[in-house]
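Student: Provided below: upload-v9.cif, containing mmCIF, C-alpha atoms and all ligand atoms.
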data_data
#
loop_
_atom_site.label_atom_id
_atom_site.label_comp_id
_atom_site.auth_asym_id
_atom_site.auth_seq_id
_atom_site.Cartn_x
_atom_site.Cartn_y
_atom_site.Cartn_z
CA MET A 216 71.99 91.18 88.88
CA SER A 217 73.76 94.44 88.20
CA TYR A 218 77.43 94.79 89.15
CA VAL A 219 77.91 98.54 88.87
CA ILE A 220 81.13 99.66 90.54
CA ASP A 221 81.97 103.34 91.03
CA MET A 222 84.25 104.90 88.45
CA ARG A 223 86.77 107.71 88.94
CA LEU A 224 89.14 109.60 86.69
CA LEU A 225 92.75 108.65 87.41
CA GLY A 226 94.04 112.12 88.34
CA ARG A 227 94.77 114.39 85.41
CA THR A 228 95.16 111.47 82.98
CA ASN A 229 91.44 111.57 82.20
CA ILE A 230 91.46 107.77 82.20
CA PRO A 231 88.24 106.43 83.77
CA VAL A 232 88.93 103.53 86.14
CA SER A 233 86.75 101.38 88.36
CA ARG A 234 87.49 101.97 92.02
CA LEU A 235 88.17 98.25 92.32
CA CYS A 236 91.30 97.42 90.35
CA PHE A 237 92.17 93.75 89.77
CA GLY A 238 95.69 93.19 91.13
CA THR A 239 96.92 90.20 89.15
CA LEU A 240 99.96 89.30 91.29
CA THR A 241 97.77 86.76 93.10
CA ILE A 242 96.88 84.71 90.01
CA GLY A 243 100.45 84.40 88.70
CA PRO A 244 103.36 82.06 89.45
CA LEU A 245 104.47 84.02 92.54
CA GLN A 246 101.20 83.22 94.30
CA ALA A 247 98.21 81.03 93.29
CA ASN A 248 99.89 80.01 90.00
CA LEU A 249 96.61 79.62 88.13
CA SER A 250 96.81 78.28 84.60
CA VAL A 251 96.47 80.84 81.83
CA TYR A 252 92.97 79.53 81.19
CA GLU A 253 91.88 79.74 84.87
CA GLY A 254 93.46 83.16 85.42
CA ALA A 255 92.02 84.57 82.20
CA SER A 256 88.58 83.26 83.07
CA LEU A 257 88.70 85.00 86.47
CA VAL A 258 89.96 88.27 85.00
CA ARG A 259 87.29 88.15 82.31
CA THR A 260 84.59 87.56 84.90
CA ALA A 261 85.82 90.62 86.79
CA ILE A 262 85.68 92.74 83.64
CA GLU A 263 82.16 91.51 82.90
CA ARG A 264 81.18 92.59 86.42
CA GLY A 265 82.42 96.13 86.03
CA VAL A 266 86.13 96.00 86.93
CA ASN A 267 87.85 97.77 84.01
CA PHE A 268 91.27 98.34 85.62
CA LEU A 269 93.94 95.55 85.54
CA ASP A 270 97.22 95.92 87.39
CA THR A 271 100.27 93.82 86.56
CA ALA A 272 104.07 93.98 86.43
CA GLU A 273 106.75 92.36 84.34
CA LEU A 274 107.74 90.42 87.47
CA TYR A 275 104.28 88.94 88.02
CA GLY A 276 104.24 86.62 85.00
CA THR A 277 100.59 87.41 84.27
CA TYR A 278 100.83 88.92 80.79
CA PRO A 279 99.61 85.63 79.23
CA HIS A 280 96.56 85.54 81.53
CA ILE A 281 95.65 89.12 80.66
CA ARG A 282 96.23 88.56 76.95
CA GLU A 283 93.80 85.66 77.02
CA ALA A 284 91.28 87.52 79.19
CA ILE A 285 90.99 90.53 76.90
CA ARG A 286 91.19 88.66 73.61
CA GLY A 287 88.40 89.91 71.31
CA MET A 288 87.38 92.78 73.62
CA ASN A 289 87.35 96.41 72.63
CA ARG A 290 90.73 97.67 73.78
CA SER A 291 89.10 100.76 75.28
CA ASP A 292 87.00 98.59 77.60
CA VAL A 293 90.02 97.83 79.80
CA VAL A 294 92.72 99.93 81.44
CA LEU A 295 96.09 98.15 81.61
CA ALA A 296 98.85 99.15 84.03
CA SER A 297 102.25 97.49 84.23
CA ARG A 298 105.73 98.26 85.54
CA SER A 299 109.33 97.16 85.54
CA TYR A 300 112.55 97.73 87.48
CA ASP A 301 114.49 99.11 84.52
CA TYR A 302 116.62 102.20 84.96
CA THR A 303 118.26 102.54 81.52
CA TYR A 304 116.54 103.92 78.43
CA GLU A 305 117.09 100.83 76.31
CA ASN A 306 115.99 98.32 78.95
CA MET A 307 112.83 100.30 79.65
CA LYS A 308 112.11 100.44 75.92
CA ASP A 309 112.46 96.64 75.80
CA SER A 310 110.15 96.22 78.81
CA VAL A 311 107.41 98.34 77.27
CA ALA A 312 107.77 96.44 73.99
CA LEU A 313 107.59 93.12 75.85
CA ALA A 314 104.39 94.16 77.64
CA LEU A 315 102.76 95.25 74.38
CA GLU A 316 103.69 92.05 72.60
CA ALA A 317 102.93 89.69 75.48
CA MET A 318 99.47 91.18 76.09
CA ASP A 319 98.89 91.67 72.34
CA VAL A 320 97.89 95.32 72.61
CA GLU A 321 98.89 98.44 70.69
CA TYR A 322 99.17 100.69 73.70
CA LEU A 323 99.34 100.54 77.51
CA ASP A 324 97.33 102.92 79.65
CA LEU A 325 99.99 103.20 82.31
CA PHE A 326 103.60 102.09 82.69
CA MET A 327 105.44 102.61 85.98
CA LEU A 328 108.81 102.45 87.66
CA HIS A 329 108.51 99.52 90.07
CA GLU A 330 109.24 99.86 93.83
CA GLN A 331 110.67 103.38 93.98
CA GLU A 332 111.95 104.60 97.34
CA SER A 333 112.86 108.28 97.28
CA ALA A 334 113.82 111.35 95.26
CA LEU A 335 117.24 109.71 94.99
CA THR A 336 116.03 106.49 93.38
CA LEU A 337 113.75 108.50 91.08
CA ARG A 338 116.79 110.51 89.97
CA GLY A 339 118.62 107.24 89.37
CA HIS A 340 115.84 106.23 86.98
CA ARG A 341 115.88 109.43 84.93
CA GLU A 342 116.82 107.60 81.71
CA ALA A 343 113.98 105.12 82.15
CA LEU A 344 111.63 108.03 82.78
CA ARG A 345 112.88 109.75 79.62
CA CYS A 346 112.07 106.57 77.70
CA LEU A 347 108.55 106.54 79.16
CA GLU A 348 108.08 110.20 78.23
CA ASP A 349 109.04 109.39 74.65
CA ALA A 350 106.62 106.43 74.69
CA ARG A 351 103.87 108.70 76.01
CA ASP A 352 104.58 111.29 73.29
CA ALA A 353 104.41 108.50 70.70
CA GLY A 354 101.06 107.27 72.06
CA ILE A 355 102.47 103.87 73.08
CA ILE A 356 101.59 104.55 76.71
CA ARG A 357 99.00 107.02 77.98
CA ALA A 358 100.47 107.79 81.38
CA ILE A 359 103.64 107.39 83.47
CA GLY A 360 103.67 106.25 87.06
CA VAL A 361 105.67 105.01 90.02
CA SER A 362 104.85 102.28 92.52
CA THR A 363 106.18 102.65 96.03
CA HIS A 364 106.01 101.57 99.66
CA HIS A 365 107.71 104.82 100.78
CA VAL A 366 106.13 108.05 102.01
CA GLN A 367 109.12 110.09 100.86
CA CYS A 368 108.76 108.76 97.32
CA VAL A 369 105.11 109.83 97.18
CA ARG A 370 106.14 113.30 98.37
CA ALA A 371 108.92 113.53 95.76
CA ALA A 372 106.80 112.22 92.87
CA ALA A 373 104.04 114.70 93.74
CA PHE A 374 106.17 117.50 92.29
CA MET A 375 107.60 115.69 89.26
CA PRO A 376 105.73 116.92 86.16
CA GLU A 377 106.63 113.83 84.12
CA ILE A 378 104.79 111.55 86.57
CA ASP A 379 101.03 111.23 86.13
CA VAL A 380 100.13 108.44 88.56
CA ILE A 381 101.38 107.16 91.91
CA HIS A 382 100.68 103.61 93.15
CA PRO A 383 101.40 103.78 96.90
CA LEU A 384 101.06 101.16 99.61
CA LEU A 385 98.22 102.00 102.01
CA ASN A 386 96.28 100.03 104.61
CA TYR A 387 94.80 100.95 107.96
CA SER A 388 97.39 99.05 109.98
CA GLY A 389 100.40 100.49 108.14
CA ILE A 390 101.74 97.00 107.25
CA GLY A 391 104.49 97.48 104.67
CA ILE A 392 104.85 101.27 104.81
CA ALA A 393 108.63 101.51 104.81
CA ASP A 394 109.30 104.92 106.30
CA GLY A 395 106.38 106.30 108.25
CA THR A 396 102.91 105.95 109.66
CA VAL A 397 99.51 105.59 108.02
CA SER A 398 98.92 109.31 108.70
CA ASP A 399 102.22 110.21 107.03
CA MET A 400 101.25 108.20 103.95
CA LEU A 401 97.76 109.70 103.81
CA LEU A 402 99.16 113.23 104.00
CA ALA A 403 101.63 112.46 101.21
CA ILE A 404 98.84 110.99 99.07
CA GLU A 405 96.65 114.04 99.65
CA LEU A 406 99.55 116.27 98.64
CA ALA A 407 100.16 114.28 95.46
CA HIS A 408 96.48 114.21 94.58
CA SER A 409 96.26 117.97 95.04
CA GLN A 410 99.03 118.22 92.44
CA GLY A 411 96.86 116.34 89.92
CA LYS A 412 98.46 112.90 90.34
CA GLY A 413 96.23 109.89 89.87
CA ILE A 414 96.38 107.63 92.92
CA TYR A 415 95.67 103.93 93.00
CA SER A 416 96.70 102.20 96.16
CA MET A 417 98.07 98.72 96.79
CA LYS A 418 98.05 96.26 99.72
CA ALA A 419 94.76 97.50 101.17
CA ILE A 420 94.43 94.13 102.91
CA GLY A 421 98.12 94.00 103.80
CA GLY A 422 98.88 91.45 101.06
CA GLY A 423 96.45 89.08 102.84
CA ALA A 424 97.50 89.78 106.43
CA LEU A 425 94.19 91.63 107.04
CA LEU A 426 91.98 89.04 105.33
CA ARG A 427 90.17 88.33 108.61
CA ASP A 428 88.92 91.92 108.44
CA VAL A 429 88.69 92.30 104.69
CA GLU A 430 85.58 94.46 104.98
CA GLY A 431 87.16 96.88 107.42
CA ALA A 432 90.36 97.00 105.39
CA LEU A 433 88.65 97.69 102.08
CA LYS A 434 86.19 100.16 103.58
CA PHE A 435 89.15 102.13 104.96
CA ALA A 436 90.68 102.38 101.47
CA ILE A 437 87.34 103.15 99.78
CA ALA A 438 86.71 105.97 102.26
CA GLN A 439 89.85 107.87 101.21
CA PRO A 440 88.72 110.61 98.81
CA CYS A 441 92.22 111.02 97.34
CA VAL A 442 92.49 107.37 96.34
CA ASP A 443 91.01 107.07 92.85
CA SER A 444 91.22 103.28 92.69
CA ILE A 445 92.35 100.41 94.90
CA ALA A 446 94.27 97.42 93.55
CA VAL A 447 93.13 94.26 95.29
CA GLY A 448 94.73 90.87 94.73
CA ILE A 449 92.05 88.36 93.73
CA LYS A 450 92.52 84.66 93.03
CA THR A 451 89.06 83.08 93.23
CA VAL A 452 85.53 83.90 92.10
CA ASP A 453 84.51 83.97 95.78
CA GLU A 454 87.08 86.68 96.53
CA LEU A 455 85.89 88.62 93.49
CA GLU A 456 82.26 88.40 94.66
CA MET A 457 83.26 89.45 98.17
CA ASP A 458 85.26 92.45 96.93
CA ILE A 459 82.53 93.56 94.53
CA ALA A 460 79.95 93.41 97.31
CA ILE A 461 82.13 95.55 99.58
CA PHE A 462 82.88 98.07 96.82
CA ARG A 463 79.16 98.33 96.13
CA GLY A 464 78.43 98.95 99.81
CA LEU A 465 76.50 95.69 100.16
CA GLU A 466 76.56 93.26 103.06
CA PRO A 467 78.50 90.16 101.92
CA ASP A 468 76.75 86.84 102.30
CA LYS A 469 77.81 85.01 105.53
CA ALA A 470 78.87 81.82 103.72
CA LEU A 471 80.89 83.86 101.23
CA ARG A 472 82.59 85.68 104.09
CA GLU A 473 83.57 82.38 105.72
CA ARG A 474 84.96 81.02 102.45
CA THR A 475 87.12 84.06 101.76
CA CYS A 476 88.37 85.31 105.13
CA LEU A 477 91.15 82.73 105.38
CA ASP A 478 94.63 83.55 106.59
CA LYS A 479 97.52 83.81 104.15
CA ALA A 480 101.12 83.11 105.07
CA LEU A 481 104.58 82.79 103.58
CA ILE A 482 105.69 79.17 103.90
CA ILE A 483 109.40 78.32 103.88
CA GLU A 484 109.93 74.62 103.26
CA PRO A 485 112.44 72.62 105.37
CA TRP A 486 114.82 72.11 102.45
CA CYS A 487 115.92 75.81 102.60
CA VAL A 488 119.73 75.86 102.41
CA GLY A 489 120.14 79.32 103.98
CA CYS A 490 121.74 80.93 100.91
CA GLY A 491 120.33 84.35 101.87
CA LYS A 492 119.14 85.36 98.38
CA CYS A 493 115.58 85.91 99.68
CA VAL A 494 116.90 88.08 102.51
CA GLU A 495 118.62 90.37 99.99
CA ARG A 496 115.48 90.53 97.85
CA CYS A 497 112.98 91.45 100.58
CA THR A 498 112.76 95.24 100.76
CA HIS A 499 110.65 95.00 103.92
CA GLY A 500 113.38 93.48 106.07
CA ALA A 501 111.05 90.59 106.84
CA LEU A 502 113.55 87.77 106.32
CA SER A 503 116.66 86.71 108.18
CA ILE A 504 118.81 83.61 108.39
CA VAL A 505 118.58 81.84 111.73
CA HIS A 506 120.52 78.61 112.33
CA GLY A 507 121.13 78.22 108.59
CA ARG A 508 117.53 78.68 107.45
CA ALA A 509 115.39 81.58 106.30
CA VAL A 510 112.88 82.82 108.88
CA VAL A 511 110.07 85.28 108.20
CA ASP A 512 108.90 88.07 110.52
CA GLY A 513 105.13 88.05 110.07
CA ALA A 514 104.80 91.61 111.35
CA ARG A 515 106.90 92.94 108.47
CA CYS A 516 105.94 90.58 105.64
CA VAL A 517 103.36 91.96 103.15
CA LEU A 518 103.00 88.53 101.47
CA CYS A 519 104.05 89.85 98.06
CA GLY A 520 105.88 86.64 97.16
CA TYR A 521 108.74 88.57 95.50
CA CYS A 522 111.30 86.57 97.54
CA GLN A 523 109.95 83.38 96.00
CA ALA A 524 111.15 84.51 92.58
CA VAL A 525 114.81 84.45 93.65
CA CYS A 526 114.86 81.24 95.71
CA PRO A 527 117.08 78.72 93.89
CA GLU A 528 115.66 75.83 95.93
CA VAL A 529 111.99 76.64 95.16
CA CYS A 530 111.14 76.41 98.83
CA MET A 531 109.02 79.56 99.37
CA LYS A 532 105.32 79.97 98.73
CA VAL A 533 102.57 82.39 99.71
CA VAL A 534 99.52 80.27 100.50
S1 LIG B 601 116.45 81.90 98.88
FE1 LIG B 601 115.44 79.95 99.37
S2 LIG B 601 117.13 78.56 99.91
FE2 LIG B 601 117.95 80.64 100.00
S3 LIG B 601 117.68 81.25 102.18
FE3 LIG B 601 115.87 81.97 101.05
S4 LIG B 601 114.37 80.31 101.31
FE4 LIG B 601 116.38 79.45 101.83
S1 LIG B 602 109.32 88.04 103.03
FE1 LIG B 602 108.87 87.69 100.84
S2 LIG B 602 106.62 87.78 100.74
FE2 LIG B 602 107.23 88.77 102.68
S3 LIG B 602 107.45 90.96 102.20
FE3 LIG B 602 109.49 90.03 101.95
S4 LIG B 602 109.61 89.55 99.75
FE4 LIG B 602 107.40 89.87 100.23
#
Take the structure I supplied and represent it as structure tokens, if you would.
Ligand code: SF4
Ligand code: SF4
Tutor:
Amino acid sequence: MSYVIDMRLLGRTNIPVSRLCFGTLTIGPLQANLSVYEGASLVRTAIERGVNFLDTAELYGTYPHIREAIRGMNRSDVVLASRSYDYTYENMKDSVALALEAMDVEYLDLFMLHEQESALTLRGHREALRCLEDARDAGIIRAIGVSTHHVQCVRAAAFMPEIDVIHPLLNYSGIGIADGTVSDMLLAIELAHSQGKGIYSMKAIGGGALLRDVEGALKFAIAQPCVDSIAVGIKTVDELEMDIAIFRGLEPDKALRERTCLDKALIIEPWCVGCGKCVERCTHGALSIVHGRAVVDGARCVLCGYCQAVCPEVCMKVV
């Protein structure tokens, strides 16, 4: 069986990427917590089936899985994107060095500023951007990007010459867009793409909230001509098969559909002590403390699992 998936150039970077990008957040400790062996096996299967684009972040804890997955491959057969929250030159330099070492590669295709909000936050990261420009000049990274849930950030980054790629949040229901509607985000993406920015979107299935309509959700993203690639969180071979079928325009098998279209949710265990650290961490305003315990607003939660990383009581899990 052939597994050909469409390829696109990522904006002006000239980097060819599969339209299906493997979002590795789901395999790491913040979500499914697969072992390095299991995660690497899944990522390798995806690569063998035509997915050449791997998305990660320093926060995700998936560098070891990727390292193992690409061991022995031609480096040019995969496109690696990562990101960090750093805003100083030195810390960004350390983050890029960590990614190179942890994934055992000599260069990264793309390194991004993580979770940017506006022209203001981009200005606040000017030293980190300067570091990434130096790394790009030195050939250590091929392109510079920003990831964002904000329309105004996409608009601002569209006109920043140092930024090559934007990784915006986009899904048909607008879940997780922080400052506007789906139409606002699409217009901003079109503007950025017209300026030569590569666009690969995130949260096409709302972090799992749209899993019951995964076909509709992915088809919406695939239909956007200005979206070069779509990062999709995958944690099982079944999900990979389902996503590949949809990206190839095929009708997924009924049994496969039933096995994969399961709801995801953020679980908060009863031993929560109400410290509020998760509330501070959630940039979607999805958490609050009610009667001494954290409570999640399902309409706002994008199931990213970032709050889990700061919980001192280890009582949060996306399942
Ligand atoms: S960080 Fe953990 S313990 Fe603290 S309020 Fe949130 S869920 Fe509860
Ligand atoms: S509540 Fe947690 S999982 Fe949901 S959006 Fe906020 S940080 Fe992400």
Student: Rounded to one decimal in Å, what is the spacing between CA of Tyr278 in chain A and CA of His408 in chain A?
Tutor: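 About the pair CA of Tyr278 in chain A and CA of His408 in chain A: they are 29.1 Å apart.
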Student: Here is a test: counting only C-alpha atoms and all ligand atoms, which residue of A:Leu325, A:Ile482, A:Leu426, A:Leu344 is nearest to ligand LIG 601 (chain B)?
Tutor: A:Ile482
Student: Of the residues A:Ile285, A:Leu347, A:Glu377, A:Ser291, which is the one nearest to Lys308 in chain A, using all atoms listed in the file?
Tutor: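 Smallest distance to Lys308 in chain A is found for A:Leu347.
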Student: Could I get the residue neighbourhood of ligand LIG 601 (chain B) at 9 Å, counting all atoms listed in the file, as number ranges by chain?
Tutor: A: 483-496, 502-504, 507-510, 522-531
Student: Go through the chains and note each residue within 9 Å of ligand LIG 602 (chain B), using only C-alpha atoms and all ligand atoms, then give the set as a PyMOL selection string.
Tutor: chain A and resi 391+422+480-481+493-494+496-502+510-513+515-524+531-533
Student: Would you kindly identify which residues have an atom no farther than 12 Å from (80.1, 97.6, 90.1), using only C-alpha atoms and the file's own coordinates, and write them out as a ChimeraX atom specification?
Tutor: /A:216-222,232-236,261-267,455-465
Student: Using Å and a single decimal, report how far CA of Pro383 in chain A sits from CA of Glu332 in chain A.
Tutor: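 Going from CA of Glu332 in chain A over to CA of Pro383 in chain A covers 10.6 Å.
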